[in-house]
Amino acid sequence: VQLQASGGGLVQAGGSLRLSCEASGRTFINYYMGWFRQAPGAEREFVAGISQSGDRTRYADSVKGRATISRDNAKNTVTLQMNSMKSEDTAVYYCAAGRIFGLINAIQSSDSRYNYWGQGTLVTVSS
């Protein structure tokens with residue numbers, strides 16, 4: 001699976017941003033998807049995940065209530081809508097795809113459970 005993330009940029013604190021990730025190369029619906037981020041000097045952390053069908057989602061506590069992950073299996077895309085952004089949201093955001101054979105409608109929050117990664121898109125929140 002090849003993943004191409006887009007939508008990063010500079011946003012003011014309190015503002016919103018929508019990140020998109022387009023997948024190609026494999027059957028998209030077979031993969032659970034996730035968004036991770038890595039701030040300068042920090043480890044990569046889970047932000048949000050969505051199951052193959054899209055009916056299950058999971059969020060990190062740090063973004064719960066401010067983020068919405070969704071997917072369009074017809075268009076092979078997954079998006080992350082972030083609202084009420086804070087300076088601590090500043091990071092490089094990565095989309096990722098994973099698959100565990102025999103496990104359906106899964107969500108994974110550990111980066112070790114993801115097989116494919118996009119190139120990352122930088123989000124900077126100014127205060």
# chains A, B, ... in the order shown; residues from 1 in each chain; ligands from 1
call {"tool": "residues_around", "arguments": {"residues": "Ser53 (chain A)", "least_positions_apart": "5", "cutoff": "12 Å", "atoms": "only C-alpha atoms", "output": "PyMOL selection string"}}
result
chain A and resi 28-33+70-74+76+78+104-107
call {"tool": "closest_atom_pairs", "arguments": {"of": "region 76-95 of chain A", "to": "region 34-48 of chain A", "cutoff": "6 Å", "atoms": "only C-alpha atoms", "output": "JSON lines"}}
result
{"residue": "A:Ala91", "atom": "CA", "partner": "A:Ala39", "partner_atom": "CA", "distance": 4.1}
{"residue": "A:Val92", "atom": "CA", "partner": "A:Gln38", "partner_atom": "CA", "distance": 5.3}
{"residue": "A:Tyr93", "atom": "CA", "partner": "A:Arg37", "partner_atom": "CA", "distance": 4.2}
{"residue": "A:Tyr94", "atom": "CA", "partner": "A:Phe36", "partner_atom": "CA", "distance": 5.1}
{"residue": "A:Cys95", "atom": "CA", "partner": "A:Trp35", "partner_atom": "CA", "distance": 4.5}
call {"tool": "closest_atom_pairs", "arguments": {"of": "region 26-105 of chain A", "to": "region 111-114 of chain A", "cutoff": "7 Å", "atoms": "only C-alpha atoms", "output": "Markdown table"}}
result
| residue | atom | partner | partner_atom | distance |
| --- | --- | --- | --- | --- |
| A:Ala96 | CA | A:Tyr114 | CA | 6.2 |
| A:Ala97 | CA | A:Tyr114 | CA | 5.5 |
| A:Gly98 | CA | A:Tyr114 | CA | 4.1 |
call {"tool": "residues_around", "arguments": {"residues": "region 5-19 of chain A", "least_positions_apart": "2", "cutoff": "10 Å", "atoms": "only C-alpha atoms", "output": "MDAnalysis selection string"}}
result
chainID A and resid 3 21:23 35 66:69 77:96 117:127
call {"tool": "write_last_selection", "arguments": {"atoms": "C-alpha atoms", "output": "PDB file, in the first residue's frame"}}
result
ATOM      1  CA  LEU A   3       0.007   6.273   1.247  1.00  0.00           C
ATOM      2  CA  CYS A  21      -4.493  10.378   3.061  1.00  0.00           C
ATOM      3  CA  GLU A  22      -4.931   8.616  -0.238  1.00  0.00           C
ATOM      4  CA  ALA A  23      -4.070   4.955  -0.539  1.00  0.00           C
ATOM      5  CA  TRP A  35      -3.125   8.652  12.127  1.00  0.00           C
ATOM      6  CA  ARG A  66     -11.533  17.600  18.917  1.00  0.00           C
ATOM      7  CA  ALA A  67     -10.701  15.076  16.227  1.00  0.00           C
ATOM      8  CA  THR A  68     -12.762  13.016  13.825  1.00  0.00           C
ATOM      9  CA  ILE A  69     -11.353  10.247  11.679  1.00  0.00           C
ATOM     10  CA  THR A  77      -9.086   7.871   1.415  1.00  0.00           C
ATOM     11  CA  VAL A  78      -8.930   8.467   5.135  1.00  0.00           C
ATOM     12  CA  THR A  79      -9.255  11.890   6.687  1.00  0.00           C
ATOM     13  CA  LEU A  80      -8.557  13.455  10.048  1.00  0.00           C
ATOM     14  CA  GLN A  81     -10.506  16.561  10.975  1.00  0.00           C
ATOM     15  CA  MET A  82      -8.926  18.466  13.828  1.00  0.00           C
ATOM     16  CA  ASN A  83     -10.748  21.313  15.579  1.00  0.00           C
ATOM     17  CA  SER A  84      -9.912  23.642  18.457  1.00  0.00           C
ATOM     18  CA  MET A  85      -6.278  23.096  17.735  1.00  0.00           C
ATOM     19  CA  LYS A  86      -3.629  23.710  20.356  1.00  0.00           C
ATOM     20  CA  SER A  87       0.060  24.445  20.178  1.00  0.00           C
ATOM     21  CA  GLU A  88       0.734  20.938  21.453  1.00  0.00           C
ATOM     22  CA  ASP A  89      -0.847  19.567  18.278  1.00  0.00           C
ATOM     23  CA  THR A  90       2.192  20.783  16.373  1.00  0.00           C
ATOM     24  CA  ALA A  91       3.817  17.720  14.830  1.00  0.00           C
ATOM     25  CA  VAL A  92       4.419  15.768  11.684  1.00  0.00           C
ATOM     26  CA  TYR A  93       1.299  13.710  11.073  1.00  0.00           C
ATOM     27  CA  TYR A  94       1.502  10.294   9.467  1.00  0.00           C
ATOM     28  CA  CYS A  95      -1.208   8.089   8.088  1.00  0.00           C
ATOM     29  CA  ALA A  96      -0.700   4.367   8.339  1.00  0.00           C
ATOM     30  CA  TRP A 117       3.272   4.490   6.370  1.00  0.00           C
ATOM     31  CA  GLY A 118       2.824   7.703   4.465  1.00  0.00           C
ATOM     32  CA  GLN A 119       5.514  10.333   4.186  1.00  0.00           C
ATOM     33  CA  GLY A 120       4.091  12.651   6.824  1.00  0.00           C
ATOM     34  CA  THR A 121       2.653  16.126   6.655  1.00  0.00           C
ATOM     35  CA  LEU A 122       3.695  18.954   8.960  1.00  0.00           C
ATOM     36  CA  VAL A 123       1.110  20.701  11.079  1.00  0.00           C
ATOM     37  CA  THR A 124       2.146  23.832  12.929  1.00  0.00           C
ATOM     38  CA  VAL A 125      -0.202  25.495  15.378  1.00  0.00           C
ATOM     39  CA  SER A 126       0.672  29.046  16.257  1.00  0.00           C
ATOM     40  CA  SER A 127      -0.426  30.512  19.564  1.00  0.00           C
TER      41      SER A 127
END
call {"tool": "select_by_dssp", "arguments": {"residues": "chain A", "states": "strand (DSSP E)", "output": "count of residues only"}}
result
61
call {"tool": "select_by_dssp", "arguments": {"residues": "region 2-126 of chain A", "states": "helix (DSSP H, G or I)", "output": "list of chain:residue names"}}
result
A:Phe28, A:Ile29, A:Asn30, A:Ser87, A:Glu88, A:Asp89, A:Asp111, A:Ser112, A:Arg113
call {"tool": "write_last_selection", "arguments": {"atoms": "N, CA and C atoms", "output": "mmCIF file, in the first residue's frame"}}
result
data_model
loop_
_atom_site.group_PDB
_atom_site.id
_atom_site.type_symbol
_atom_site.label_atom_id
_atom_site.label_comp_id
_atom_site.auth_asym_id
_atom_site.auth_seq_id
_atom_site.Cartn_x
_atom_site.Cartn_y
_atom_site.Cartn_z
ATOM 1 N N PHE A 28 -8.018 -1.381 -0.395
ATOM 2 C CA PHE A 28 -8.062 -0.462 0.745
ATOM 3 C C PHE A 28 -8.928 -0.987 1.879
ATOM 4 N N ILE A 29 -10.050 -1.562 1.556
ATOM 5 C CA ILE A 29 -10.999 -1.975 2.589
ATOM 6 C C ILE A 29 -10.442 -3.103 3.455
ATOM 7 N N ASN A 30 -9.377 -3.732 3.038
ATOM 8 C CA ASN A 30 -8.784 -4.797 3.844
ATOM 9 C C ASN A 30 -7.957 -4.267 5.009
ATOM 10 N N SER A 87 -1.355 24.425 20.551
ATOM 11 C CA SER A 87 0.060 24.445 20.178
ATOM 12 C C SER A 87 0.684 23.059 20.316
ATOM 13 N N GLU A 88 0.183 22.286 21.260
ATOM 14 C CA GLU A 88 0.734 20.938 21.453
ATOM 15 C C GLU A 88 0.325 19.963 20.353
ATOM 16 N N ASP A 89 -0.520 20.386 19.449
ATOM 17 C CA ASP A 89 -0.847 19.567 18.278
ATOM 18 C C ASP A 89 0.209 19.695 17.183
ATOM 19 N N ASP A 111 1.819 1.505 16.969
ATOM 20 C CA ASP A 111 2.407 1.688 15.640
ATOM 21 C C ASP A 111 3.040 0.404 15.117
ATOM 22 N N SER A 112 3.360 -0.514 16.002
ATOM 23 C CA SER A 112 3.944 -1.778 15.559
ATOM 24 C C SER A 112 2.948 -2.648 14.814
ATOM 25 N N ARG A 113 1.675 -2.306 14.898
ATOM 26 C CA ARG A 113 0.622 -3.064 14.233
ATOM 27 C C ARG A 113 0.318 -2.534 12.841
#
call {"tool": "closest_residue", "arguments": {"among": "A:Ser62, A:Arg56, A:Arg99, A:Ser20", "to": "Asn115 (chain A)", "atoms": "only C-alpha atoms"}}
result
A:Arg99
call {"tool": "atom_distance", "arguments": {"atom1": "CA of Ala60 (chain A)", "atom2": "CA of Arg26 (chain A)"}}
result
27.3 Å
call {"tool": "atom_distance", "arguments": {"atom1": "CA of Phe101 (chain A)", "atom2": "CA of Lys75 (chain A)"}}
result
22.9 Å
call {"tool": "atom_distance", "arguments": {"atom1": "CA of Gly49 (chain A)", "atom2": "CA of Tyr116 (chain A)"}}
result
14.0 Å
